[in-house]
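**Q** upload-v8.cif is reproduced in full below (mmCIF, C-alpha atoms).
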data_protein
#
loop_
_atom_site.group_PDB
_atom_site.id
_atom_site.type_symbol
_atom_site.label_atom_id
_atom_site.label_comp_id
_atom_site.auth_asym_id
_atom_site.auth_seq_id
_atom_site.Cartn_x
_atom_site.Cartn_y
_atom_site.Cartn_z
ATOM 1 C CA MET B 1 0.000 0.000 0.000
ATOM 2 C CA GLU B 2 2.827 2.397 0.849
ATOM 3 C CA LEU B 3 4.500 1.896 -2.548
ATOM 4 C CA CYS B 4 1.264 2.711 -4.349
ATOM 5 C CA THR B 5 0.945 5.930 -2.369
ATOM 6 C CA MET B 6 4.556 6.880 -3.133
ATOM 7 C CA GLY B 7 3.914 6.193 -6.813
ATOM 8 C CA ARG B 8 0.906 8.497 -6.810
ATOM 9 C CA TYR B 9 2.841 11.314 -5.156
ATOM 10 C CA LYS B 10 5.663 11.018 -7.671
ATOM 11 C CA ALA B 11 3.150 10.963 -10.537
ATOM 12 C CA LEU B 12 1.392 14.044 -9.143
ATOM 13 C CA ARG B 13 4.734 15.824 -8.724
ATOM 14 C CA ILE B 14 5.693 15.064 -12.323
ATOM 15 C CA ILE B 15 2.270 16.175 -13.571
ATOM 16 C CA GLY B 16 2.638 19.420 -11.607
ATOM 17 C CA VAL B 17 6.041 20.130 -13.140
ATOM 18 C CA LEU B 18 4.680 19.364 -16.613
ATOM 19 C CA ILE B 19 1.729 21.715 -16.088
ATOM 20 C CA LEU B 20 4.080 24.459 -14.932
ATOM 21 C CA LEU B 21 6.348 23.856 -17.911
ATOM 22 C CA SER B 22 3.492 23.758 -20.397
ATOM 23 C CA SER B 23 2.257 27.132 -19.208
ATOM 24 C CA ALA B 24 5.813 28.487 -19.349
ATOM 25 C CA SER B 25 6.178 27.437 -22.982
ATOM 26 C CA PHE B 26 3.635 30.078 -23.996
ATOM 27 C CA VAL B 27 6.003 32.747 -22.733
ATOM 28 C CA CYS B 28 8.210 33.366 -25.726
ATOM 29 C CA ALA B 29 11.328 34.953 -24.338
ATOM 30 C CA PHE B 30 10.367 36.118 -20.884
ATOM 31 C CA ILE B 31 10.223 33.997 -17.794
ATOM 32 C CA GLU B 32 9.539 35.589 -14.438
ATOM 33 C CA CYS B 33 11.956 35.175 -11.550
ATOM 34 C CA SER B 34 8.984 34.079 -9.454
ATOM 35 C CA THR B 35 8.680 30.993 -11.687
ATOM 36 C CA VAL B 36 12.391 30.254 -11.264
ATOM 37 C CA THR B 37 12.108 30.792 -7.508
ATOM 38 C CA GLN B 38 9.043 28.545 -7.307
ATOM 39 C CA LEU B 39 10.800 25.708 -9.111
ATOM 40 C CA PHE B 40 13.977 26.238 -7.129
ATOM 41 C CA SER B 41 12.060 26.108 -3.823
ATOM 42 C CA ALA B 42 11.964 22.306 -4.216
ATOM 43 C CA CYS B 43 15.689 22.424 -3.368
ATOM 44 C CA SER B 44 15.347 24.623 -0.282
ATOM 45 C CA ILE B 45 16.081 21.876 2.265
ATOM 46 C CA PHE B 46 19.355 20.992 0.565
ATOM 47 C CA VAL B 47 20.301 24.659 0.115
ATOM 48 C CA THR B 48 19.542 25.455 3.759
ATOM 49 C CA TYR B 49 20.981 22.363 5.445
ATOM 50 C CA GLY B 50 23.383 20.908 2.856
ATOM 51 C CA SER B 51 21.707 17.500 2.975
ATOM 52 C CA PRO B 52 20.276 15.198 1.897
ATOM 53 C CA ASP B 53 21.889 15.336 -1.521
ATOM 54 C CA PRO B 54 19.271 15.515 -4.245
ATOM 55 C CA ILE B 55 19.301 12.624 -6.693
ATOM 56 C CA PRO B 56 17.818 12.373 -10.195
ATOM 57 C CA GLY B 57 14.087 11.808 -9.823
ATOM 58 C CA SER B 58 13.849 13.753 -6.562
ATOM 59 C CA PRO B 59 11.576 16.829 -6.425
ATOM 60 C CA CYS B 60 14.644 19.088 -6.436
ATOM 61 C CA CYS B 61 16.153 17.447 -9.526
ATOM 62 C CA ASP B 62 12.775 17.400 -11.279
ATOM 63 C CA ALA B 63 12.547 21.152 -10.661
ATOM 64 C CA LEU B 64 16.070 21.727 -11.992
ATOM 65 C CA SER B 65 15.192 19.684 -15.074
ATOM 66 C CA GLY B 66 12.252 22.047 -15.502
ATOM 67 C CA LEU B 67 14.589 25.032 -15.229
ATOM 68 C CA ASN B 68 16.828 23.406 -17.817
ATOM 69 C CA ILE B 69 13.910 23.083 -20.236
ATOM 70 C CA ILE B 70 12.823 26.666 -19.603
ATOM 71 C CA SER B 71 16.348 28.069 -19.974
ATOM 72 C CA ASN B 72 16.826 26.278 -23.299
ATOM 73 C CA SER B 73 13.763 27.892 -24.869
ATOM 74 C CA GLY B 74 14.026 31.274 -26.550
ATOM 75 C CA ASP B 75 16.220 33.802 -24.809
ATOM 76 C CA ASN B 76 15.347 32.509 -21.347
ATOM 77 C CA LYS B 77 18.827 31.180 -20.467
ATOM 78 C CA GLN B 78 20.160 34.656 -19.685
ATOM 79 C CA TYR B 79 17.108 35.521 -17.611
ATOM 80 C CA VAL B 80 17.157 32.228 -15.668
ATOM 81 C CA CYS B 81 20.865 32.820 -15.036
ATOM 82 C CA LYS B 82 20.185 36.327 -13.680
ATOM 83 C CA CYS B 83 17.395 35.024 -11.449
ATOM 84 C CA LEU B 84 19.661 32.307 -10.019
ATOM 85 C CA MET B 85 22.464 34.819 -9.449
ATOM 86 C CA GLY B 86 19.972 36.923 -7.508
ATOM 87 C CA MET B 87 19.150 33.871 -5.398
ATOM 88 C CA ILE B 88 22.858 33.346 -4.733
ATOM 89 C CA ASP B 89 22.993 36.924 -3.432
ATOM 90 C CA THR B 90 20.015 36.177 -1.176
ATOM 91 C CA TYR B 91 21.374 32.840 0.075
ATOM 92 C CA ASN B 92 25.031 33.892 0.097
ATOM 93 C CA PRO B 93 26.170 31.541 2.906
ATOM 94 C CA ASN B 94 24.728 28.653 0.911
ATOM 95 C CA ALA B 95 26.048 29.676 -2.525
ATOM 96 C CA THR B 96 28.232 26.565 -2.747
ATOM 97 C CA ALA B 97 25.238 24.282 -2.160
ATOM 98 C CA ILE B 98 23.278 26.099 -4.875
ATOM 99 C CA GLY B 99 26.191 25.746 -7.293
ATOM 100 C CA THR B 100 26.445 21.975 -6.783
ATOM 101 C CA LEU B 101 22.796 21.239 -7.538
ATOM 102 C CA PRO B 102 23.031 20.752 -11.330
ATOM 103 C CA GLY B 103 25.936 18.303 -10.940
ATOM 104 C CA LEU B 104 24.133 16.319 -8.257
ATOM 105 C CA CYS B 105 21.067 16.117 -10.485
ATOM 106 C CA GLY B 106 23.080 15.200 -13.574
ATOM 107 C CA ILE B 107 22.042 18.187 -15.680
ATOM 108 C CA SER B 108 23.705 21.225 -17.204
ATOM 109 C CA LEU B 109 21.937 24.555 -17.299
ATOM 110 C CA GLY B 110 24.446 25.883 -19.836
ATOM 111 C CA PHE B 111 26.067 28.182 -17.286
ATOM 112 C CA THR B 112 27.803 27.826 -13.948
ATOM 113 C CA ILE B 113 25.870 28.786 -10.837
ATOM 114 C CA ASP B 114 28.555 30.886 -9.208
ATOM 115 C CA PRO B 115 28.576 34.426 -7.785
ATOM 116 C CA ASN B 116 31.098 35.412 -10.495
ATOM 117 C CA THR B 117 29.075 34.093 -13.460
ATOM 118 C CA ASP B 118 28.472 36.631 -16.228
ATOM 119 C CA CYS B 119 24.914 36.046 -17.418
ATOM 120 C CA THR B 120 25.275 38.346 -20.414
ATOM 121 C CA LEU B 121 27.296 35.797 -22.392
#
How would this structure read if it were set down as structure tokens?
**A**
Amino acid sequence: MELCTMGRYKALRIIGVLILLSSASFVCAFIECSTVTQLFSACSIFVTYGSPDPIPGSPCCDALSGLNIISNSGDNKQYVCKCLMGMIDTYNPNATAIGTLPGLCGISLGFTIDPNTDCTL
């Protein structure tokens, strides 16, 4: 019974990410930082406490995969980068944890999450 419940929650989480992404696809070249922040909030426990490490398939990694899809559409990569750099400024003590997330999830956003990243490139 517990496995069935876990399966439903994972399915609902994936459906939620897909709904969010499908609505984001109608935005040609402008994605709001609030959308980036909302997706990134799935990683807040790791960013705040440094554990547990997110793994592919976890809510955090699913959210980063969503960010990857969004940043690869139109001119969104630069905007997603700027939003994440703003989050690094906000969570400065945890900047290293934020920077390790794509590697832990096995994805590449096309830029390095680092306080010194130039998002205009």
**Q** Tell me which residues the PyMOL selection byres ((chain B and resi 65) around 10) grabs here, as an NGL selection string.
**A** :B and (17 or 39 or 56-57 or 59-64 or 66-71 or 102 or 105-109)
**Q** Check the smallest atom-to-atom distance from each of B:Val36, B:Phe111, B:Gly99, B:Pro93 to Val80 (chain B) using all atoms listed in the file, then report the winner.
**A**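 Of all the options, B:Val36 lies closest to Val80 (chain B).
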**Q** Just how far from CA of Leu104 (chain B) is CA of Cys119 (chain B), in Å to one decimal?
**A**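 So the two atoms, CA of Cys119 (chain B) and CA of Leu104 (chain B), lie 21.8 Å apart.
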**Q** Please measure the separation of CA of Thr90 (chain B) and CA of Ser73 (chain B), giving the value in Å to one decimal.
**A** 25.9 Å
**Q** Give as a PyMOL selection string the residues that the PyMOL selection byres ((chain B and resi 112-114) around 8) matches when applied to the coordinates above.
**A** chain B and resi 81+84-85+88+95-96+98-100+109-111+115-117
**Q** Store the residues of this selection in a file with C-alpha atoms, as a CSV table (one decimal), keeping the file's coordinate frame.
**A**
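Full text of part.csv as output:
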chain,number,residue,atom,x,y,z
B,81,CYS,CA,20.9,32.8,-15.0
B,84,LEU,CA,19.7,32.3,-10.0
B,85,MET,CA,22.5,34.8,-9.4
B,88,ILE,CA,22.9,33.3,-4.7
B,95,ALA,CA,26.0,29.7,-2.5
B,96,THR,CA,28.2,26.6,-2.7
B,98,ILE,CA,23.3,26.1,-4.9
B,99,GLY,CA,26.2,25.7,-7.3
B,100,THR,CA,26.4,22.0,-6.8
B,109,LEU,CA,21.9,24.6,-17.3
B,110,GLY,CA,24.4,25.9,-19.8
B,111,PHE,CA,26.1,28.2,-17.3
B,115,PRO,CA,28.6,34.4,-7.8
B,116,ASN,CA,31.1,35.4,-10.5
B,117,THR,CA,29.1,34.1,-13.5
